[in-house]
Structure formats: C-alpha cells, structure tokens
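Single-structure report; data block below.
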Amino acid sequence: MWHNYINATSIEEVVKILGDKKERARVVAGGTDLILELERGLRKGIETLVDVTRISKLDKITIDEDDVIHLGALVTHNDCVASKLIRERGYPLARAAWDVGAPQIRNRGTVAGNLITASPANDTITPLMALNASVTLISTRGERTVPLSEFYTGVRKNVMQADEMLVEISFPALADNQRGTFIKLALRRAQAISLVNVAVVLTLKEDTVKSASITLGAVTPIIIHAEAAEQFLARKKLNEKNIAQAAELAMQAARPIDDVRGSAVYRREMIKVITARALTAIRDGNEQAGMPKKPILLRDKKLVKRHLDEASEFPAPIETTINGKAYTFTSGYDKTLLRLLREEGMLTGTKEGCAEGECGACTVFLDGEAVMACLVPAPRAHGAEIITVEGLADLTPASSPKKGEGRLHPVQAAFVADGAVQCGYCTPGFLMSGAKLLEEKNNPTRNEIEQAITGNLCRCTGYYKIVKAIEDASKIKN
C-alpha cells in the first residue's frame, strides 16, 4: 500500500518531507479514512506515509487569554468528548465528536483529519463552521491561517497544498450569552454516516436572538450557512412561529442528492425537522439532552500518549511489545496492524470481519486505547504496547475464576457461563471492548455497556446475552 513509512518526531521533519515529496507523500494520524482509500486504490501515486501520532504537544486542547480555543492536529474525537473545556465552551463540537463512529474510531480519528477529508457528511465540519473556526497550515514556505468558511472548494476538496500540514484548529469559545448544539440524523445510532446534520449557535439577549449561526451538513457539496434563516432570526424571539419559519428557510438552503441512503426530498424535509429541534432545544435549555455526562471512551482512565525520542523509517524492523512480550518483525511494514498481528505475529485471535472499521472484530488495545486494528498502519506498532485477545487473561485479577491451567478474564468467563458466543467470529472484539469498559467503569450501567459495544457487530444474536455477560463480568470483577 505504501513504499516508505516514517514515524516523525517533529513538525519541522514533517514539512521537510512534504516539501521534498509533495503529492507522493501523505500525513497519517488516525488513518480511519486514508487507510481505506489506499486499500481501495482511490489514492494513486502515494509512496510515503508520514505518521505524526507521536509528535509531542499536538494532542493538546487549550484556551488563550483572548478566549480562543486551540485544538492541536492530533486531538481525537474522544479527546473532544472528554474535554471539560470543549463540553462547556464548544458544546456543538463535543456533541458532533460523540456522534462520530464508535469508541474505537473516536480513539484514533482526529478532528483535523475529519476536516481535511472534506466530505460534506463529515460531522465535525458543521459545528466548527458554525463556531467560526480557522485552521493553521504550515509548510517550508511559511505559515498561514485559513477561515474554515474559505477552506473548502468542493466535495473532498480543500485549499491545502501538497507540501502543507494542518497543525491547529482554533475558534472563539462560546460566551456566557451564547448557546449551541448539533443534531445528526443517520440510519442507525452509531457507526453511521450523516444523512443530514445541523449545527446551531445563537447569541442571546434574554429570550431574543441577537445573532444566529446555522450550518448544514450533507446537503450541498460543501458545508454551508443557512444565511436566510440566520438573518431572519436576528432580533426575534424564539417562539414557535419564528422557529418554524427559520426551519423552513434552512430547508430552502439545502440542495441534497438522492442516493441509496435517502431521497433528496426526505433530506430536505429532515433539515427542517432537525433545525426546529435544535432551536427548540436551545430555547428550552435542553440542548445537551442525550449527551452522556461521563461518556464511555474505551481507553485507560489516565491515558498518557507515548512519544518517540527519535524518528524511524520503514522498511526496517518493527520492534514492539504484544501481550507483554517483545516482538521484532522484519516484514509486514506495508500492511495494516491487523494483518501484521495475524500473518507475521501468528496471533489469529484478532479477526478480520470487514477490514474497514465497521464490525469491531479486530479490536485491540494500542497504547491503552481500544482501536480497530484494520485501520492502523503496521509501523505504528513500532515502540508501542499492544494487547490482543490472546493476552486478555493476563489482565485478570488474581481472584478471577480459572479454567484448566489458565485463568480467564471475567468477561471471558461470563461469555462462557451466559452462552454469549454463537459462531464466535465477533467474540474477540466484544471481549476486548467489554474488558476495556470494565477497566474504565467498575459497575457499568446497561446504557454504558451499550455505548461500549457500539463499534462491535454480531450477526448471530440480538446482543441480549452479550450485554448480560458484560453485566455479569462486572460482578465477577468486583
């Protein structure tokens, strides 16, 4: 899929490589889009991937003295979900990040990558456009800041040059008199692309709108403002009549397409419906309804992101730790982590179900986070710590039940006792998600269990025994 892979340790190193190789190189962080595009042959002529995930300080979320929030290029969707600052001063972004994929995807996928991919259905573009965000781009030629409203030129097209790296996203923090929200409509509750989405940010004076920012996703080639609706709401009260009229005007701004997921007529109507819902929720103070106060992240409670001391370039041996054992791989650098584990490591417990981050059968722990191994480039394993289903029992408390000569993890024991296994193909992924959940939460509620397994698909059961097994495992663990 690629000829060379570089684990970079500085921005300067990255922009030098991009300056030299230009269209033949791409930056990779989460890789949740890029890896699929490379595997499907949609990205031609790329010879080098530059992994930026171990560059220090790019994973920070900060606010400056001017009340501007800054997101580094490595801030993931789950970083936004977990951030008190984003939830309080940039809630539409937090809600959109929560609606992206599933925990394993949110642990890897970055907000910067979501913006760069430039799909009009990408969830975080819509709220960041409503929040008046900008992006900072760096190359060997210098630095420039581009308003997000000027960043996009078409479907999956933006103004970035081949030698540029996006290093920061910034936007004004919501003031005390501002409130906002994000609503996504999709065909299912998780792991689904937006049919339509809407972000709303209102500046209020008591019950009157001073100004409005309403952005629409998945209904035109690029994310747009519903300008007529914004202008209509200015200096008006949020009553039923004005909300209905603003929603109608938002619908008129939409120019959606027909496809297999929904008709253009349906999408236009749903823009009206969810715009009205968003405005009503803000008026009634319910804009954060449905957002968990402590969302399940499937990562270590005190996650410390690992940085490399020096750059590494492949082809070269991949030196990593899997299930507490040191491994050195002299082949497989041009594969995904899933295939490296199965074909070079002979650790076949991790399954390939879809190979596109949809089913969760390949879930492993990478440096403390649950991820989809099919979307991780194999060289990312260099210098990392990985846990697969084969090593799950080693995480077991000493008091846990034993089977034969080896211990079972509480989740494994409960899956056996409750008959939560049918064909078994999806089971390793469910075990990994369940085990990480119990590290994060001692006594998870049923809703929290459901959050944890949104990235795992079972084609045999109705999930009842799987959920029960994880519930029972929490009792075994305690």
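Quick note on naming: the chains in the structure tokens go A, B, ... in the order shown, residues restart at 1 in each chain, and ligands are numbered from 1 in order of appearance.
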Query raised in the report: Can you tell me, as a PyMOL selection string, what residues are no more than 9 Å from region 281-296 of chain A when counting only C-alpha atoms, ignoring any on the same chain fewer than 2 positions away?
Result: chain A and resi 81-82+91+95+98+103+179-182+200+202+207+238-239+276-279+298-299+437+440-441+448-449+451-452
Per-residue nearest contacts of region 86-166 of chain A to region 224-227 of chain A (12 Å; only C-alpha atoms) as CSV:
```
residue,atom,partner,partner_atom,distance
A:Pro120,CA,A:Ile224,CA,9.2
A:Ala121,CA,A:Ile224,CA,11.7
A:Ile125,CA,A:Ile224,CA,10.0
A:Thr126,CA,A:Ile224,CA,8.1
A:Pro127,CA,A:His225,CA,10.8
A:Leu128,CA,A:Ile224,CA,11.5
A:Met129,CA,A:Ile224,CA,8.2
A:Ala130,CA,A:His225,CA,7.7
A:Leu131,CA,A:His225,CA,11.3
A:Asn132,CA,A:His225,CA,10.8
A:Leu148,CA,A:Ile224,CA,10.7
A:Ser149,CA,A:Ile224,CA,8.2
A:Glu150,CA,A:Ile224,CA,10.9
A:Phe151,CA,A:Ile224,CA,11.9
A:Tyr152,CA,A:Ile224,CA,10.2
A:Thr153,CA,A:Ile224,CA,11.7
A:Gly154,CA,A:Ile224,CA,11.4
```
Query raised in the report: What separation in Å, quoted to one decimal, exists between CA of Arg54 (chain A) and CA of Asp163 (chain A)?
Result: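 We find that CA of Arg54 (chain A) and CA of Asp163 (chain A) lie 19.9 Å from each other.
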Requested in this report: Would you please extract all helix (DSSP H, G or I) residues from region 111-151 of chain A, as assigned by DSSP on the backbone, and give them as a list in words?
Outcome: Val111, Ala112, Gly113, Asn114, Leu115, Ile116, Thr117, Ile125, Thr126, Pro127, Leu128, Met129, Ala130, Leu148, Ser149 and Glu150 of chain A
Compile a residue-level contact table for region 91-112 of chain A against region 359-382 of chain A at a cut-off of 8 Å, reporting for every qualifying residue the shortest atom pair and its distance in Å to one decimal, with only C-alpha atoms counted, rows ordered by chain and ascending number, as a Markdown table.
```
| residue | atom | partner | partner_atom | distance |
| --- | --- | --- | --- | --- |
| A:Pro103 | CA | A:Ala370 | CA | 7.5 |
| A:Gln104 | CA | A:Val371 | CA | 4.3 |
| A:Ile105 | CA | A:Val371 | CA | 6.5 |
| A:Asn107 | CA | A:Val371 | CA | 6.6 |
| A:Arg108 | CA | A:Val371 | CA | 6.7 |
```
Per DSSP on the backbone, what are the strand (DSSP E) residues of region 156-337 of chain A, as a compact mmCIF listing (two decimals) with N, CA and C atoms, in the first residue's frame?
```
# COMPACT_ATOMS: atom_id res chain seq x y z
N LYS A 157 -12.55 18.29 -1.47
CA LYS A 157 -11.52 19.19 -1.98
C LYS A 157 -11.36 20.37 -1.03
N ASN A 158 -10.10 20.75 -0.78
CA ASN A 158 -9.83 21.92 0.05
C ASN A 158 -8.63 22.67 -0.50
N MET A 165 1.01 21.03 6.10
CA MET A 165 0.49 20.23 7.20
C MET A 165 -0.45 21.10 8.03
N LEU A 166 -1.63 20.57 8.34
CA LEU A 166 -2.54 21.27 9.25
C LEU A 166 -2.07 21.01 10.67
N VAL A 167 -1.75 22.06 11.41
CA VAL A 167 -1.19 21.89 12.75
C VAL A 167 -2.13 22.33 13.86
N GLU A 168 -3.17 23.13 13.51
CA GLU A 168 -4.04 23.63 14.58
C GLU A 168 -5.40 24.02 14.02
N ILE A 169 -6.42 23.85 14.86
CA ILE A 169 -7.76 24.35 14.62
C ILE A 169 -8.08 25.30 15.76
N SER A 170 -8.66 26.45 15.46
CA SER A 170 -8.97 27.41 16.53
C SER A 170 -10.35 28.01 16.29
N PHE A 171 -11.02 28.37 17.38
CA PHE A 171 -12.32 29.03 17.29
C PHE A 171 -12.62 29.78 18.58
N PRO A 172 -13.41 30.86 18.49
CA PRO A 172 -13.76 31.60 19.71
C PRO A 172 -14.61 30.74 20.63
N GLN A 178 -24.04 32.88 24.80
CA GLN A 178 -24.14 32.05 23.60
C GLN A 178 -24.44 30.60 23.97
N ARG A 179 -25.28 29.98 23.17
CA ARG A 179 -25.59 28.56 23.36
C ARG A 179 -25.67 27.91 21.99
N GLY A 180 -25.35 26.64 21.96
CA GLY A 180 -25.38 25.96 20.68
C GLY A 180 -25.56 24.47 20.83
N THR A 181 -25.82 23.82 19.70
CA THR A 181 -25.97 22.36 19.70
C THR A 181 -25.72 21.82 18.30
N PHE A 182 -25.72 20.52 18.20
CA PHE A 182 -25.52 19.80 16.93
C PHE A 182 -26.47 18.62 16.92
N ILE A 183 -27.14 18.42 15.80
CA ILE A 183 -28.03 17.26 15.66
C ILE A 183 -27.70 16.54 14.36
N LYS A 184 -27.55 15.24 14.47
CA LYS A 184 -27.24 14.39 13.33
C LYS A 184 -28.37 13.40 13.11
N LEU A 185 -28.76 13.22 11.87
CA LEU A 185 -29.73 12.19 11.51
C LEU A 185 -29.01 11.16 10.67
N VAL A 196 -28.24 13.84 7.13
CA VAL A 196 -28.16 15.29 7.23
C VAL A 196 -27.69 15.62 8.64
N ASN A 197 -27.09 16.79 8.80
CA ASN A 197 -26.79 17.27 10.15
C ASN A 197 -26.87 18.79 10.18
N VAL A 198 -27.08 19.31 11.37
CA VAL A 198 -27.26 20.74 11.56
C VAL A 198 -26.53 21.17 12.83
N ALA A 199 -25.83 22.29 12.75
CA ALA A 199 -25.26 22.92 13.94
C ALA A 199 -25.85 24.32 14.08
N VAL A 200 -26.17 24.68 15.31
CA VAL A 200 -26.76 25.98 15.59
C VAL A 200 -26.00 26.63 16.74
N VAL A 201 -25.60 27.88 16.57
CA VAL A 201 -25.02 28.68 17.65
C VAL A 201 -25.78 30.00 17.68
N LEU A 202 -26.37 30.30 18.84
CA LEU A 202 -27.14 31.53 18.99
C LEU A 202 -26.50 32.44 20.02
N THR A 203 -26.46 33.73 19.70
CA THR A 203 -26.11 34.76 20.68
C THR A 203 -27.42 35.37 21.16
N LEU A 204 -27.65 35.31 22.46
CA LEU A 204 -28.97 35.65 23.01
C LEU A 204 -28.90 36.87 23.94
N LYS A 205 -29.99 37.58 23.97
CA LYS A 205 -30.22 38.61 25.00
C LYS A 205 -31.58 38.30 25.59
N THR A 208 -34.41 36.82 23.33
CA THR A 208 -34.32 37.32 21.96
C THR A 208 -32.97 36.95 21.35
N VAL A 209 -33.00 36.57 20.08
CA VAL A 209 -31.78 36.21 19.37
C VAL A 209 -31.10 37.47 18.86
N LYS A 210 -29.86 37.71 19.29
CA LYS A 210 -29.09 38.82 18.75
C LYS A 210 -28.50 38.46 17.39
N SER A 211 -27.95 37.24 17.30
CA SER A 211 -27.41 36.76 16.03
C SER A 211 -27.44 35.23 16.04
N ALA A 212 -27.45 34.66 14.85
CA ALA A 212 -27.54 33.21 14.72
C ALA A 212 -26.53 32.70 13.70
N SER A 213 -26.00 31.52 13.99
CA SER A 213 -25.13 30.82 13.05
C SER A 213 -25.73 29.42 12.87
N ILE A 214 -26.21 29.13 11.67
CA ILE A 214 -26.85 27.83 11.38
C ILE A 214 -26.14 27.22 10.19
N THR A 215 -25.52 26.07 10.39
CA THR A 215 -24.80 25.41 9.31
C THR A 215 -25.40 24.04 9.02
N LEU A 216 -25.34 23.65 7.75
CA LEU A 216 -25.99 22.43 7.28
C LEU A 216 -24.96 21.49 6.67
N GLY A 217 -25.05 20.21 7.05
CA GLY A 217 -24.14 19.22 6.51
C GLY A 217 -24.86 18.16 5.69
N ILE A 224 -22.54 24.50 4.42
CA ILE A 224 -22.97 25.88 4.14
C ILE A 224 -23.69 26.48 5.35
N HIS A 225 -23.74 27.80 5.36
CA HIS A 225 -24.59 28.53 6.30
C HIS A 225 -25.98 28.68 5.68
N LYS A 236 -35.19 38.53 16.87
CA LYS A 236 -36.51 37.92 17.06
C LYS A 236 -36.49 36.99 18.27
N LYS A 237 -37.67 36.81 18.84
CA LYS A 237 -37.82 35.88 19.95
C LYS A 237 -37.88 34.44 19.43
N SER A 312 11.74 7.10 13.03
CA SER A 312 12.03 5.76 12.48
C SER A 312 11.43 5.68 11.09
N GLU A 313 12.15 5.00 10.19
CA GLU A 313 11.71 4.90 8.81
C GLU A 313 11.68 3.44 8.40
N PHE A 314 10.65 3.09 7.66
CA PHE A 314 10.46 1.71 7.23
C PHE A 314 10.39 1.68 5.71
N ILE A 318 10.23 -3.74 12.73
CA ILE A 318 9.25 -3.17 13.64
C ILE A 318 9.45 -3.83 15.00
N GLU A 319 9.83 -3.04 15.99
CA GLU A 319 10.06 -3.56 17.33
C GLU A 319 8.91 -3.10 18.22
N THR A 320 8.21 -4.06 18.78
CA THR A 320 7.00 -3.73 19.53
C THR A 320 6.82 -4.71 20.68
N THR A 321 5.86 -4.42 21.54
CA THR A 321 5.52 -5.31 22.64
C THR A 321 4.07 -5.72 22.50
N ILE A 322 3.82 -7.04 22.44
CA ILE A 322 2.47 -7.55 22.29
C ILE A 322 2.21 -8.52 23.44
N LYS A 325 5.14 -9.31 25.63
CA LYS A 325 6.29 -9.99 25.04
C LYS A 325 6.87 -9.13 23.91
N ALA A 326 8.19 -9.04 23.86
CA ALA A 326 8.86 -8.26 22.81
C ALA A 326 8.82 -9.02 21.49
N TYR A 327 8.48 -8.31 20.43
CA TYR A 327 8.46 -8.87 19.08
C TYR A 327 9.30 -7.99 18.16
N THR A 328 9.98 -8.60 17.22
CA THR A 328 10.66 -7.89 16.15
C THR A 328 10.20 -8.47 14.82
N PHE A 329 9.58 -7.64 14.00
CA PHE A 329 9.07 -8.08 12.70
C PHE A 329 9.95 -7.49 11.60
```
Query - Polymer residues at most 12 Å from Arg261 (chain A), only C-alpha atoms, same-chain spacing of 6 or more positions, as number ranges by chain - result: A: 185-188, 192-196, 218, 267
Those same residues, written as a compact mmCIF listing (two decimals), in the first residue's frame with C-alpha atoms?
```txt
# COMPACT_ATOMS: atom_id res chain seq x y z
CA LEU A 185 -29.73 12.19 11.51
CA ALA A 186 -28.44 8.81 10.35
CA LEU A 187 -29.77 5.35 9.59
CA ARG A 188 -28.68 3.99 12.97
CA ALA A 192 -23.34 5.66 10.52
CA ILE A 193 -22.71 8.49 8.08
CA SER A 194 -24.94 11.54 8.37
CA LEU A 195 -27.99 11.66 6.15
CA VAL A 196 -28.16 15.29 7.23
CA ALA A 218 -24.61 16.52 3.86
CA ARG A 267 -33.27 15.02 3.34
```
Query raised in the report: What does the distance from CA of Cys423 (chain A) to CA of His409 (chain A) come to in Å, to one decimal?
Result: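 According to the coordinates, CA of Cys423 (chain A) and CA of His409 (chain A) are separated by 20.1 Å.
The space separating CA of Ala264 (chain A) from CA of Ala229 (chain A) comes to 19.9 Å.
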Report task. Can you work out which one of A:Thr136, A:Asn177, A:Thr32, A:Thr62 has the shortest atom-to-atom distance to Thr117 (chain A), counting only C-alpha atoms? Result ->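 Smallest distance to Thr117 (chain A) is found for A:Thr32.
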Report task. Within 12 Å of Lys57 (chain A), counting only C-alpha atoms, which residues show up once you throw out same-chain ones fewer than 5 positions away? Write them as a PyMOL selection string, please. Result -> chain A and resi 9-11+52+62+70-75+167-168+304-307
Query raised in the report: Which one is closest to Phe430 (chain A): A:Gly391, A:Pro147, A:Gly455, A:Pro410? Count only C-alpha atoms.
Result: A:Gly455
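Residue nearest Leu431 (chain A) within the list A:Asp418, A:Thr388, A:Met1, A:Thr445: A:Thr388 [criterion: smallest interatomic distance, only C-alpha atoms].
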Query raised in the report: With only C-alpha atoms as the atoms that count, which of A:Asp309, A:Asp79, A:Glu47, A:Asp33 lies nearest to Ser119 (chain A)?
Result: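 Closest residue, counting only C-alpha atoms: A:Asp33.
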**Report entry** Residues within 12 Å of Ala473 (chain A), only C-alpha atoms, excluding chain neighbours under 2 positions, as a PyMOL selection string
**Finding:** chain A and resi 396-397+400-401+408-418+420+431+434-439+441-444+449+465-471+475-478
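Using only C-alpha atoms for every distance, the candidate list A:Leu395, A:Ile69, A:Val28, A:Ala162 yields A:Ala162 as the residue closest to Lys16 (chain A).
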